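Below: the structure, in structure tokens.
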Amino acid sequence: MSSQIDNKNKFKAKIFKALSDPVRLSILDFLRDGEKCVCEIIPHVKCIQPVVSRHLKILKDSGIVIDRKVGNRRLYSITDPQIFRIIDGVTPELTNTFTKRIIEQIA
């Protein structure tokens, strides 16, 4: 495998890893309708501030969200709304198909 393809796959894996946590998916869903302050995200995801900040850092490091500072507040937003095509692509039908396959393998 060429190093260019290898690097692309590593970056894709980093994005999927960032999307692999329910709290991070909840944060992204909350950011769908626009920029939010950490103080707004905390009650939405029902986690303490350090946990929310850690999740936001992972999302930021993967390029999914960006932030900007306004006074003493940090506001987060989605870098590119196309990320929701990936998230929304995991439909209930797809989940059911995978679940059935897992059950068949176990049985």
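Identifiers in the structure tokens: chain A, B, ... in order shown; residue index from 1 per chain; ligand index from 1 in order shown.
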Skip segment 4-12 of chain A itself and residues of its chain fewer than 3 positions away, then list as a PyMOL selection string all residues within 12 Å of it, counting only C-alpha atoms. chain A and resi 1+15-19+61-64+83+86
How about saving the chosen residues, C-alpha atoms kept, as a PDB file, in the first residue's frame?
ATOM      1  CA  MET A   1       0.000   0.000   0.000  1.00  0.00           C
ATOM      2  CA  ILE A  15     -12.284  10.567  12.139  1.00  0.00           C
ATOM      3  CA  PHE A  16     -14.140   7.301  12.780  1.00  0.00           C
ATOM      4  CA  LYS A  17     -12.455   6.976  16.158  1.00  0.00           C
ATOM      5  CA  ALA A  18     -13.642  10.498  17.038  1.00  0.00           C
ATOM      6  CA  LEU A  19     -17.165   9.472  16.021  1.00  0.00           C
ATOM      7  CA  ASP A  61      -7.973  17.285  16.947  1.00  0.00           C
ATOM      8  CA  SER A  62      -9.740  15.211  14.303  1.00  0.00           C
ATOM      9  CA  GLY A  63     -10.813  18.369  12.444  1.00  0.00           C
ATOM     10  CA  ILE A  64     -14.535  17.829  12.987  1.00  0.00           C
ATOM     11  CA  ILE A  83     -19.871  15.068   8.653  1.00  0.00           C
ATOM     12  CA  ILE A  86     -21.496  10.016   7.641  1.00  0.00           C
TER      13      ILE A  86
END
7 Å contact set for Ser77 of chain A, only C-alpha atoms, chain neighbours under 3 positions out, as a list of chain:residue names: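 The neighbour list is A:Leu31, A:Gly34, A:Glu35, A:Lys36, A:Val65, A:Ile66, A:Asp67.
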Pick from A:Glu40, A:Glu93, A:Asp21, A:Asp80: nearest to His55 of chain A, with only C-alpha atoms counted?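 Answer, going by the shortest atom-to-atom distance: A:Asp21.
The gap separating atom CA of Gln82 of chain A from atom CA of Thr97 of chain A is 24.1 Å, in Å to one decimal.
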Atomic distance atom CA of Gln49 of chain A - atom CA of Asp29 of chain A, expressed in Å with one decimal: 18.0 Å
What are the DSSP alpha helix (DSSP H) residues of chain A, as number ranges by chain? A: 3-18, 22-30, 38-45, 49-61, 83-88, 92-106
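With only C-alpha atoms as the basis for measurement, A:Val45 is the residue among A:Val45, A:Thr95, A:Lys14, A:Pro81 that approaches Ile27 of chain A most closely.
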Return as a ChimeraX atom specification the full set of residues in chain A whose backbone-based DSSP assignment is strand (DSSP E or B). /A:36-37,65-70,73-78
In Å, rounded to a single decimal, give me how far atom CA of Arg74 of chain A is from atom CA of Ser26 of chain A.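 So the answer is 18.3 Å.
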Write out as a VMD selection string which residues come within 10 Å of segment 50-54 of chain A when counting only C-alpha atoms, dropping same-chain ones fewer than 2 positions away. chain A and resid 23 to 24 27 38 to 39 41 to 43 45 to 48 56 to 60
